[in-house]
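Novice: Okay, so here is work15.pdb, and as you'll see once you scroll down, it has PDB, C-alpha atoms.
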ATOM      1  CA  MET R   1     -20.190  22.940   8.096
ATOM      2  CA  ALA R   2     -17.699  20.203   7.303
ATOM      3  CA  GLY R   3     -18.556  16.546   6.863
ATOM      4  CA  PRO R   4     -17.059  13.543   8.688
ATOM      5  CA  ILE R   5     -13.380  12.707   8.343
ATOM      6  CA  ARG R   6     -13.105   9.738   5.970
ATOM      7  CA  LEU R   7      -9.349   9.172   5.975
ATOM      8  CA  ILE R   8      -6.333  10.511   7.788
ATOM      9  CA  GLN R   9      -2.684   9.753   7.132
ATOM     10  CA  VAL R  10      -0.803   9.575  10.403
ATOM     11  CA  GLU R  11       2.609   8.770   8.959
ATOM     12  CA  ASN R  12       3.300   7.743   5.400
ATOM     13  CA  GLU R  13       6.200   5.510   6.429
ATOM     14  CA  TYR R  14       4.591   3.741   9.378
ATOM     15  CA  ALA R  15       5.370   0.336   7.920
ATOM     16  CA  SER R  16       9.072   1.221   7.823
ATOM     17  CA  PHE R  17       9.209   1.915  11.544
ATOM     18  CA  GLY R  18       6.095   0.455  13.159
ATOM     19  CA  ASN R  19       5.852  -3.077  14.468
ATOM     20  CA  ASP R  20       2.115  -3.568  14.836
ATOM     21  CA  PRO R  21       0.776  -5.917  12.120
ATOM     22  CA  THR R  22      -2.796  -5.436  13.351
ATOM     23  CA  TYR R  23      -2.851  -1.896  12.000
ATOM     24  CA  MET R  24      -0.606  -2.204   8.939
ATOM     25  CA  ALA R  25      -3.409  -2.246   6.419
ATOM     26  CA  TRP R  26      -2.534   0.783   4.273
ATOM     27  CA  ILE R  27       0.536   1.217   2.111
ATOM     28  CA  SER R  28       0.535   4.869   1.143
ATOM     29  CA  GLU R  29       3.563   4.826  -1.148
ATOM     30  CA  ALA R  30       4.167   1.510  -2.906
ATOM     31  CA  TYR R  31       7.114   2.373  -5.159
ATOM     32  CA  LEU R  32       7.155   0.694  -8.559
ATOM     33  CA  GLY R  33      10.551   2.217  -9.268
ATOM     34  CA  TRP R  34      13.125   4.419  -7.651
ATOM     35  CA  LEU R  35      15.024   7.671  -8.067
ATOM     36  CA  THR R  36      17.712   7.987 -10.699
ATOM     37  CA  HIS R  37      20.575  10.237  -9.657
ATOM     38  CA  TRP R  38      22.580  12.503 -11.936
ATOM     39  CA  GLY R  39      25.533  10.621 -13.387
ATOM     40  CA  GLU R  40      24.039   7.127 -13.126
ATOM     41  CA  ASN R  41      24.314   5.208 -16.390
ATOM     42  CA  ALA R  42      20.774   3.778 -16.440
ATOM     43  CA  LEU R  43      17.344   4.528 -15.020
ATOM     44  CA  ALA R  44      16.834   2.939 -11.629
ATOM     45  CA  ARG R  45      14.664  -0.190 -11.712
ATOM     46  CA  VAL R  46      12.976  -2.049  -8.871
ATOM     47  CA  GLU R  47      11.567  -5.585  -9.066
ATOM     48  CA  PHE R  48       8.156  -4.965  -7.534
ATOM     49  CA  THR R  49       5.983  -7.691  -9.051
ATOM     50  CA  LYS R  50       6.442 -10.224  -6.227
ATOM     51  CA  ASP R  51       5.787  -7.608  -3.528
ATOM     52  CA  PHE R  52       2.763  -6.304  -5.425
ATOM     53  CA  SER R  53       1.286  -9.800  -5.697
ATOM     54  CA  ALA R  54       1.692 -10.249  -1.929
ATOM     55  CA  ILE R  55       0.090  -6.863  -1.157
ATOM     56  CA  VAL R  56      -2.963  -7.638  -3.287
ATOM     57  CA  ALA R  57      -3.221 -11.251  -2.066
ATOM     58  CA  ARG R  58      -3.342 -10.043   1.553
ATOM     59  CA  GLY R  59      -6.115  -7.610   0.683
ATOM     60  CA  LEU R  60      -4.149  -4.560   1.816
ATOM     61  CA  SER R  61      -5.045  -1.058   0.710
ATOM     62  CA  PHE R  62      -2.327   0.611  -1.318
ATOM     63  CA  ASN R  63      -1.340   3.597  -3.408
ATOM     64  CA  LEU R  64       0.934   2.991  -6.377
ATOM     65  CA  TYR R  65       3.490   5.773  -6.265
ATOM     66  CA  VAL R  66       3.854   7.024  -9.094
ATOM     67  CA  VAL R  67       1.258   5.599 -11.561
ATOM     68  CA  HIS R  68       1.782   8.273 -14.212
ATOM     69  CA  GLY R  69       5.268   9.648 -14.826
ATOM     70  CA  GLY R  70       6.046  13.324 -15.079
ATOM     71  CA  THR R  71       8.836  15.859 -15.153
ATOM     72  CA  ASN R  72      10.120  18.371 -12.633
ATOM     73  CA  PHE R  73      11.489  21.437 -14.357
ATOM     74  CA  GLY R  74      14.314  23.749 -13.381
ATOM     75  CA  PHE R  75      15.752  23.130  -9.936
ATOM     76  CA  GLY R  76      12.641  21.401  -8.589
ATOM     77  CA  ALA R  77      13.818  17.826  -9.147
ATOM     78  CA  GLY R  78      15.015  17.324  -5.577
ATOM     79  CA  ALA R  79      17.757  15.168  -4.132
ATOM     80  CA  ASN R  80      18.585  12.554  -1.538
ATOM     81  CA  ALA R  81      20.982  13.075   1.334
ATOM     82  CA  ASP R  82      22.142  11.141   4.360
ATOM     83  CA  ARG R  83      20.363  11.842   7.664
ATOM     84  CA  ASP R  84      23.184  14.200   8.649
ATOM     85  CA  GLY R  85      22.669  16.269   5.469
ATOM     86  CA  PHE R  86      25.820  15.035   3.764
ATOM     87  CA  GLY R  87      26.058  12.631   0.824
ATOM     88  CA  PHE R  88      23.892  14.956  -1.294
ATOM     89  CA  GLU R  89      22.722  13.194  -4.500
ATOM     90  CA  PRO R  90      20.638  15.261  -6.952
ATOM     91  CA  VAL R  91      18.072  13.352  -9.013
ATOM     92  CA  ILE R  92      17.230  13.721 -12.691
ATOM     93  CA  THR R  93      14.143  15.719 -13.656
ATOM     94  CA  SER R  94      12.162  12.649 -14.743
ATOM     95  CA  TYR R  95       9.509  11.750 -12.199
ATOM     96  CA  GLY R  96       8.642   8.452 -13.810
ATOM     97  CA  TYR R  97      10.044   5.947 -11.316
ATOM     98  CA  ASP R  98       9.297   3.202 -13.841
ATOM     99  CA  ALA R  99       5.620   4.173 -13.667
ATOM    100  CA  PRO R 100       3.023   1.978 -15.430
ATOM    101  CA  ILE R 101       2.147   5.004 -17.574
ATOM    102  CA  SER R 102       5.261   6.808 -18.807
ATOM    103  CA  GLU R 103       5.846  10.544 -18.948
ATOM    104  CA  ALA R 104       4.794  10.380 -22.625
ATOM    105  CA  GLY R 105       1.562   8.539 -21.747
ATOM    106  CA  CYS R 106       2.742   5.145 -22.997
ATOM    107  CA  VAL R 107       2.086   1.872 -21.206
ATOM    108  CA  SER R 108       5.396   0.726 -19.743
ATOM    109  CA  ARG R 109       6.789  -2.643 -18.727
ATOM    110  CA  GLY R 110       4.841  -4.530 -16.081
ATOM    111  CA  THR R 111       1.637  -2.535 -16.497
ATOM    112  CA  ARG R 112      -0.403  -5.426 -17.838
ATOM    113  CA  TYR R 113       0.908  -7.595 -15.025
ATOM    114  CA  TYR R 114      -0.090  -5.092 -12.314
ATOM    115  CA  PHE R 115      -3.539  -4.571 -13.803
ATOM    116  CA  SER R 116      -4.131  -8.327 -14.233
ATOM    117  CA  ILE R 117      -3.355  -8.898 -10.538
ATOM    118  CA  ILE R 118      -5.853  -6.204  -9.532
ATOM    119  CA  ILE R 119      -8.543  -7.511 -11.899
ATOM    120  CA  ARG R 120      -8.161 -11.108 -10.641
ATOM    121  CA  LYS R 121      -8.563  -9.964  -7.032
ATOM    122  CA  THR R 122     -11.487  -7.586  -7.670
ATOM    123  CA  PRO R 123     -14.870  -9.190  -7.028
ATOM    124  CA  PRO R 124     -17.443  -8.879  -9.821
ATOM    125  CA  ALA R 125     -19.781  -5.922  -9.555
ATOM    126  CA  SER R 126     -23.281  -6.659  -8.309
ATOM    127  CA  PHE R 127     -26.113  -4.413  -9.377
TER     128      PHE R 127
END
Turn this file's structure into structure tokens for me.
Specialist:
Amino acid sequence: MAGPIRLIQVENEYASFGNDPTYMAWISEAYLGWLTHWGENALARVEFTKDFSAIVARGLSFNLYVVHGGTNFGFGAGANADRDGFGFEPVITSYGYDAPISEAGCVSRGTRYYFSIIIRKTPPASF
């Protein structure tokens, strides 16, 4: 016999399309970085610190996507394309997206900042 349902994800991009602030309390994919396509001269970077501060200050639930970098091997790296299927842009095999913990397990830029924001907002434990 199964237990009660604790969480369900209706649509992971609700905030992109929905317009109901009463129910926008979960950010399932807060991107700290972005895809780097083959042929681009540098890894893609996103300035996320201001958005992250706002998310935590509002007390929203969130998932940092991706916290620990990784690698897709072979032809599993994926690609972006326009909605009509054209404009195909393959991505590099790194799945780091400027993650706080790099593919090699190193702490990357911004990690201390992200963790300090979370620690400041977290209430002390009561036993």
Novice: Could you tell me, as a ChimeraX atom specification, exactly which residues end up selected when the PyMOL selection byres ((chain R and resi 87-99) around 8) is applied to this structure?
Specialist: /R:31-38,44-45,65-73,76-82,85-86,100-103,108
Novice: Would you work out the distance separating atom CA of R:Tyr113 from atom CA of R:Ser126, expressed in Å to one decimal?
Specialist: 25.1 Å
Novice: Which residue is closest to R:Ser116? Choose from R:Ala104, R:Asp84, R:Leu64, R:Ser53 and count all atoms listed in the file.
Specialist: R:Ser53
Novice: Please compute the atom CA of R:Phe52-atom CA of R:Phe115 distance, one decimal, in Å.
Specialist: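 Value for the atom CA of R:Phe52-atom CA of R:Phe115 distance: 10.6 Å.
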Novice: Return as lines of an AutoDock Vina configuration file the centre and edge lengths, in Å with one decimal, of the box along x, y and z that encloses every atom of stretch 51-63 of chain R in the file, padded by 5 Å per side.
Specialist:
center_x = -0.2
center_y = -3.8
center_z = -1.9
size_x = 21.9
size_y = 24.8
size_z = 17.5
Novice: For atom CA of R:Thr49 and atom CA of R:Pro124, determine how far apart the two atoms are, in Å to one decimal place.
Specialist: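 Between atom CA of R:Thr49 and atom CA of R:Pro124 the gap is 23.5 Å.
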Novice: Pull out every residue that the PyMOL selection byres ((chain R and resi 27) around 7) matches in the shown coordinates and put them as a list in words.
Specialist: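 With the shown file as input, the PyMOL selection byres ((chain R and resi 27) around 7) matches Ala25, Trp26, Ser28, Glu29, Ala30, Ser61, Phe62 and Asn63 of chain R.
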